[in-house]
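See structure below.
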Amino acid sequence: MATTPAPTATKSPSPPPRSIVLDPAFLRLWAGTTASGLATWALPFVLGLAVLHRDLGAAGLGLVLAARTAGFLLAVAVGGVLADRHSRRAVVLWSALAAAAAAPLLAAGLGRSLVLMTFAAALAGAGQGACRPAFQALTAETVEPGRRQQANAAMTMAVRGSTLAGPALTALLAAFLDVRTLLLGIGALWLVAALAPGKGSVAAGAAEPGAEQAVGADGVPDPASGPSADRAPRAGFRAEFLEGIREARRHPWFLGGLAALVAVIALGYSATSVALPLISRDRYGTEWVLAAAMTAYTVGALGGALVIARWRPRSQGWAALAGLGAYGVAPLSLTLPVHPAVVVAAYAVAGIGIELFNVPWFTATQREVSPDKLARVSSLDFLVSYGLAPVGLALIAPAIGRFGVTPVLAVCAAACFLVPAAAALVPTARHFARPPAR
């Protein structure tokens, strides 16, 4: 007798992925990154209050901030190598603790010892610099690949939100607290950055074929392992740093995008930083344009991060480079005798564009770079882009004095448009990815 076959069980649809903001591991990382970003932003602002209170002179402020920048640039390369040699979580912990230790030293030196403050600022900058590539690599270890763009967008929204609300909050706190107490508060933020993140548990991106890594007891790939390691003695620091450069050169889209980023920061951002206050005062006769334009830039960046958290353009690299090139509308608006509202709108567009670039850029780096070299490649990103920014600031002001503000702004606007467009022609730039192996 024929039997009726048992009905096959229908597969229930897999539940939709949980939002990144509901992931406890990511929330811990987000809290640490946000605290570090807020502490980084707050230090120059609080030191500016010290100048207003006559606890620090203008020349002293310049020296302290220069020491912080020098500490950052020296430590960011070291931090990249250390984060690939050792646990990324440990590098975040110790570098943030170093920045936290700098805060009471700054408070102790305020009004008493400029030498102590300079040393403390260099220590704070070193902690900040070593943190940056480690945080980038730790994000890749904490968040699975499909949700990294959303995670990076959440990170940048936190930083932009701090920039937007920070001045008002700091001014409010300054009405009740003195500068030394505010400096100690910055140290507390660095303690949060040190202690909040947990260990990563996700493989940190797409490694080269065959580049299998050993996995430790906590589930994190051991950066020191792999087919080429074989537990041989480590190469020296210089050799490992050069290895990171070689890894970066394997990705033409990374080199092209980095060149575009440097052009926009060193020329476009530097030019507008110098010219906007002058034009706000001389052309429009009010500081309102300066404040409104900078606020519009931050609000635009928040909007751009919200958009790119969900948007997945087909040609992601081209879309990102177009967003980066959109910064050119900011210096362009300052070259023309337009209504102030046009300047404010241009800055909003520039803010949107910069995050349409930043979030896919970080996500692609986390995805494409070999996991055991991710921190070093990220450190190159920060080292080159941040390192050349002071050079641009130093050159723009004399150029404006010699050639005039309008020609300099026009050249910088053209560079913002043309260099990202040229970067889009680089092989692999269309998708910020290597072509699939055949």
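Naming scheme: A, B, ... for chains in displayed order of the structure tokens; residues 1 onward per chain; ligands 1 onward as shown.
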I'd like the contact shell of range 49-58 of chain A - 9 Å cut-off, only C-alpha atoms, skipping same-chain residues fewer than 5 positions apart - returned as a PyMOL selection string. chain A and resi 44+63+110-112+114+174+179-180
Report as a VMD selection string all protein, DNA and RNA residues lying within 9 Å of range 269-278 of chain A, evaluated on only C-alpha atoms, omitting residues in the same chain fewer than 5 positions from it. chain A and resid 263 to 264 283 287 289 to 290 293 327 330 to 331 334 389 to 397 400 405 408 to 409 412
Using only C-alpha atoms, pick whichever of A:Val21, A:Leu267, A:Ala239, A:Val369 has the shortest atom-to-atom distance to Ala414 in chain A. A:Leu267
As a VMD selection string, please: every residue in range 297-353 of chain A that a backbone DSSP assignment puts in alpha helix (DSSP H). chain A and resid 297 to 310 316 to 325 329 to 335 340 to 353
Determine, counting only C-alpha atoms, which protein, DNA and RNA residues have an atom within 12 Å of an atom of Ala98 in chain A; residues of the same chain fewer than 5 positions away are not included. Present the result as a list in words. Gly71, Ala75, Val91, Val92, Leu93, Ala103, Pro104, Leu105, Ala120, Ala121, Ala122, Leu123, Ala124, Gly125, Ala126, Gly127, Gln128, Gly129, Ala130, Cys131, Gly187, Ala188, Trp190, Leu191, Ala193 and Ala194 of chain A
Write the selection just made, keeping all heavy atoms, as a compact mmCIF listing (two decimals), in the first residue's frame?
# COMPACT_ATOMS: atom_id res chain seq x y z
N GLY A 71 53.20 64.45 19.93
CA GLY A 71 53.00 63.17 20.61
C GLY A 71 52.09 62.26 19.83
O GLY A 71 52.32 61.05 19.73
N ALA A 75 53.25 58.64 18.17
CA ALA A 75 52.65 57.44 18.75
C ALA A 75 51.74 56.70 17.80
O ALA A 75 51.53 55.50 17.98
CB ALA A 75 51.87 57.81 20.01
N VAL A 91 46.26 47.36 23.88
CA VAL A 91 46.83 48.62 23.40
C VAL A 91 45.87 49.77 23.69
O VAL A 91 46.29 50.86 24.12
CB VAL A 91 47.13 48.52 21.89
CG1 VAL A 91 47.56 49.87 21.34
CG2 VAL A 91 48.22 47.48 21.64
N VAL A 92 44.56 49.55 23.49
CA VAL A 92 43.58 50.58 23.84
C VAL A 92 43.67 50.89 25.34
O VAL A 92 43.67 52.06 25.75
CB VAL A 92 42.16 50.12 23.47
CG1 VAL A 92 41.11 51.01 24.11
CG2 VAL A 92 41.99 50.12 21.95
N LEU A 93 43.75 49.85 26.16
CA LEU A 93 43.79 50.05 27.61
C LEU A 93 44.96 50.91 28.03
O LEU A 93 44.80 51.94 28.70
CB LEU A 93 43.84 48.69 28.31
CG LEU A 93 44.07 48.71 29.83
CD1 LEU A 93 42.87 49.33 30.52
CD2 LEU A 93 44.33 47.30 30.35
N ALA A 103 46.15 64.02 32.38
CA ALA A 103 45.21 65.06 32.83
C ALA A 103 45.61 65.66 34.18
O ALA A 103 45.67 66.90 34.31
CB ALA A 103 43.79 64.49 32.88
N PRO A 104 45.88 64.87 35.23
CA PRO A 104 46.30 65.52 36.48
C PRO A 104 47.65 66.23 36.37
O PRO A 104 47.89 67.21 37.08
CB PRO A 104 46.38 64.33 37.47
CG PRO A 104 46.43 63.11 36.64
CD PRO A 104 45.69 63.43 35.39
N LEU A 105 48.51 65.78 35.47
CA LEU A 105 49.77 66.50 35.26
C LEU A 105 49.51 67.87 34.64
O LEU A 105 50.15 68.86 35.01
CB LEU A 105 50.69 65.68 34.37
CG LEU A 105 51.19 64.35 34.94
CD1 LEU A 105 52.06 63.62 33.92
CD2 LEU A 105 51.96 64.57 36.23
N ALA A 120 53.05 66.84 29.69
CA ALA A 120 51.75 66.18 29.85
C ALA A 120 50.95 66.20 28.56
O ALA A 120 50.26 65.22 28.22
CB ALA A 120 50.96 66.85 30.97
N ALA A 121 51.02 67.29 27.82
CA ALA A 121 50.30 67.37 26.55
C ALA A 121 50.86 66.38 25.54
O ALA A 121 50.11 65.75 24.79
CB ALA A 121 50.37 68.79 25.99
N ALA A 122 52.19 66.23 25.52
CA ALA A 122 52.79 65.23 24.63
C ALA A 122 52.35 63.83 25.02
O ALA A 122 52.06 62.98 24.15
CB ALA A 122 54.31 65.34 24.67
N LEU A 123 52.24 63.55 26.33
CA LEU A 123 51.77 62.25 26.79
C LEU A 123 50.31 62.04 26.39
O LEU A 123 49.94 60.94 25.95
CB LEU A 123 51.93 62.17 28.31
CG LEU A 123 51.48 60.86 28.97
CD1 LEU A 123 52.31 59.68 28.45
CD2 LEU A 123 51.59 60.98 30.49
N ALA A 124 49.49 63.07 26.53
CA ALA A 124 48.09 62.96 26.12
C ALA A 124 47.98 62.69 24.62
O ALA A 124 47.18 61.84 24.18
CB ALA A 124 47.33 64.23 26.49
N GLY A 125 48.78 63.40 23.83
CA GLY A 125 48.76 63.17 22.39
C GLY A 125 49.23 61.78 22.02
O GLY A 125 48.68 61.14 21.12
N ALA A 126 50.24 61.27 22.76
CA ALA A 126 50.73 59.92 22.48
C ALA A 126 49.64 58.89 22.79
O ALA A 126 49.45 57.93 22.02
CB ALA A 126 51.98 59.64 23.31
N GLY A 127 48.94 59.06 23.89
CA GLY A 127 47.85 58.14 24.21
C GLY A 127 46.75 58.18 23.16
O GLY A 127 46.24 57.14 22.73
N GLN A 128 46.41 59.39 22.73
CA GLN A 128 45.40 59.54 21.68
C GLN A 128 45.86 58.88 20.38
O GLN A 128 45.09 58.17 19.71
CB GLN A 128 45.13 61.02 21.44
CG GLN A 128 44.20 61.31 20.29
CD GLN A 128 44.27 62.76 19.83
OE1 GLN A 128 44.82 63.61 20.54
NE2 GLN A 128 43.72 63.05 18.67
N GLY A 129 47.13 59.10 20.01
CA GLY A 129 47.62 58.55 18.75
C GLY A 129 47.68 57.04 18.75
O GLY A 129 47.32 56.38 17.76
N ALA A 130 48.13 56.45 19.87
CA ALA A 130 48.21 54.99 19.93
C ALA A 130 46.83 54.34 19.95
O ALA A 130 46.66 53.21 19.50
CB ALA A 130 49.00 54.57 21.17
N CYS A 131 45.84 55.08 20.47
CA CYS A 131 44.47 54.55 20.53
C CYS A 131 43.85 54.39 19.15
O CYS A 131 43.10 53.44 18.91
CB CYS A 131 43.58 55.49 21.35
SG CYS A 131 43.39 55.05 23.08
N GLY A 187 40.48 63.58 32.09
CA GLY A 187 41.13 62.33 32.50
C GLY A 187 40.11 61.24 32.80
O GLY A 187 40.34 60.06 32.46
N ALA A 188 38.98 61.60 33.39
CA ALA A 188 37.93 60.61 33.65
C ALA A 188 37.37 60.04 32.36
O ALA A 188 37.07 58.84 32.27
CB ALA A 188 36.82 61.24 34.49
N TRP A 190 39.04 59.63 29.63
CA TRP A 190 40.04 58.68 29.13
C TRP A 190 39.99 57.37 29.91
O TRP A 190 40.27 56.29 29.36
CB TRP A 190 41.44 59.28 29.19
CG TRP A 190 41.76 60.15 28.02
CD1 TRP A 190 41.99 61.49 28.02
CD2 TRP A 190 41.88 59.73 26.66
NE1 TRP A 190 42.24 61.94 26.75
CE2 TRP A 190 42.19 60.88 25.88
CE3 TRP A 190 41.77 58.50 26.01
CZ2 TRP A 190 42.37 60.83 24.51
CZ3 TRP A 190 41.96 58.45 24.64
CH2 TRP A 190 42.26 59.59 23.90
N LEU A 191 39.62 57.43 31.19
CA LEU A 191 39.45 56.19 31.94
C LEU A 191 38.29 55.37 31.39
O LEU A 191 38.37 54.13 31.32
CB LEU A 191 39.21 56.51 33.42
CG LEU A 191 40.43 56.96 34.23
CD1 LEU A 191 40.01 57.31 35.65
CD2 LEU A 191 41.51 55.88 34.25
N ALA A 193 37.37 55.44 28.27
CA ALA A 193 37.90 54.89 27.01
C ALA A 193 38.78 53.67 27.27
O ALA A 193 38.80 52.73 26.47
CB ALA A 193 38.69 55.97 26.26
N ALA A 194 39.52 53.68 28.38
CA ALA A 194 40.41 52.56 28.69
C ALA A 194 39.65 51.33 29.15
O ALA A 194 40.00 50.20 28.77
CB ALA A 194 41.41 52.99 29.77
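Distances to Val344 in chain A were evaluated for A:Leu173, A:Leu374, A:Ala292, A:Ala108 using only C-alpha atoms, and the minimum falls at A:Ala292.
Neighbouring residues of Leu425 in chain A at 10 Å or closer, counting only C-alpha atoms and skipping chain neighbours under 5 positions away, are Trp253, Gly256, Trp318, Pro420 and Arg430 of chain A.
Residues lying within 10 Å of Ala364 in chain A, counting only C-alpha atoms and ignoring same-chain neighbours fewer than 3 positions away, are Pro145, Arg148, Gln149, Gly205, Trp253, Phe254, Gln316, Gly317, Asn358, Val359, Pro360, Trp361, Arg367, Glu368, Val369, His431, Phe432 and Ala433 of chain A.
Each of A:Phe26, A:Phe417, A:Tyr297, A:Phe403 was checked against Phe135 in chain A using only C-alpha atoms; the smallest atom-to-atom distance is that of A:Phe26.
The coordinates place CA of Ala410 in chain A at 22.0 Å from CA of Gly285 in chain A.
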Residue contacts of Tyr386 in chain A (9 Å, only C-alpha atoms) excluding same-chain residues fewer than 4 positions away, as a PDB file with N, CA, C and O atoms, in the first residue's frame:
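As written to disk, selection.pdb reads:
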ATOM      1  N   THR A  69      50.230  67.520  19.388  1.00  0.00           N
ATOM      2  CA  THR A  69      50.256  67.053  18.007  1.00  0.00           C
ATOM      3  C   THR A  69      51.493  66.198  17.744  1.00  0.00           C
ATOM      4  O   THR A  69      51.408  65.145  17.093  1.00  0.00           O
ATOM      5  N   LEU A  73      51.547  62.227  16.509  1.00  0.00           N
ATOM      6  CA  LEU A  73      52.171  61.750  15.283  1.00  0.00           C
ATOM      7  C   LEU A  73      53.238  60.695  15.563  1.00  0.00           C
ATOM      8  O   LEU A  73      53.396  59.739  14.796  1.00  0.00           O
ATOM      9  N   VAL A 262      44.204  63.587   1.749  1.00  0.00           N
ATOM     10  CA  VAL A 262      45.247  64.550   2.102  1.00  0.00           C
ATOM     11  C   VAL A 262      45.006  65.883   1.393  1.00  0.00           C
ATOM     12  O   VAL A 262      45.146  66.960   1.992  1.00  0.00           O
ATOM     13  N   ILE A 265      42.087  67.676   3.140  1.00  0.00           N
ATOM     14  CA  ILE A 265      42.408  68.171   4.480  1.00  0.00           C
ATOM     15  C   ILE A 265      43.465  69.264   4.433  1.00  0.00           C
ATOM     16  O   ILE A 265      43.298  70.337   5.021  1.00  0.00           O
ATOM     17  N   ALA A 266      44.583  68.992   3.737  1.00  0.00           N
ATOM     18  CA  ALA A 266      45.708  69.927   3.754  1.00  0.00           C
ATOM     19  C   ALA A 266      45.422  71.208   2.978  1.00  0.00           C
ATOM     20  O   ALA A 266      45.981  72.259   3.293  1.00  0.00           O
ATOM     21  N   ASP A 381      47.002  55.771   7.591  1.00  0.00           N
ATOM     22  CA  ASP A 381      45.908  56.685   7.267  1.00  0.00           C
ATOM     23  C   ASP A 381      45.965  57.908   8.175  1.00  0.00           C
ATOM     24  O   ASP A 381      46.007  59.063   7.716  1.00  0.00           O
ATOM     25  N   PHE A 382      45.984  57.685   9.491  1.00  0.00           N
ATOM     26  CA  PHE A 382      45.985  58.793  10.442  1.00  0.00           C
ATOM     27  C   PHE A 382      47.283  59.586  10.379  1.00  0.00           C
ATOM     28  O   PHE A 382      47.277  60.823  10.475  1.00  0.00           O
ATOM     29  N   PRO A 390      48.813  70.107   9.573  1.00  0.00           N
ATOM     30  CA  PRO A 390      49.503  71.307  10.057  1.00  0.00           C
ATOM     31  C   PRO A 390      50.347  71.986   8.986  1.00  0.00           C
ATOM     32  O   PRO A 390      50.513  73.215   9.007  1.00  0.00           O
TER      33      PRO A 390
END
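Nearest residue to Ala25 in chain A, choosing from A:Thr142, A:Gln136, A:Gln366, A:Thr286 and counting only C-alpha atoms: A:Thr142.
Candidate residues A:Ala399, A:Leu258, A:Leu189, A:Ala83 were compared for distance to Asp372 in chain A, and the nearest is A:Ala83, using only C-alpha atoms.
The two atoms in question, CA of Thr295 in chain A and CA of Tyr347 in chain A, are spaced 8.6 Å apart.
By chain and then residue number, the residues within 10 Å of Ala42 in chain A are Ser36, Gly37, Leu38, Ala39, Thr40, Pro44, Phe45, Val46, Leu47, Gly48, Ser162, Thr163, Gly166, Pro167, Thr170, Leu182, Leu183, Gly185 and Ile186 of chain A, counting only C-alpha atoms and disregarding those fewer than 2 positions away in sequence.
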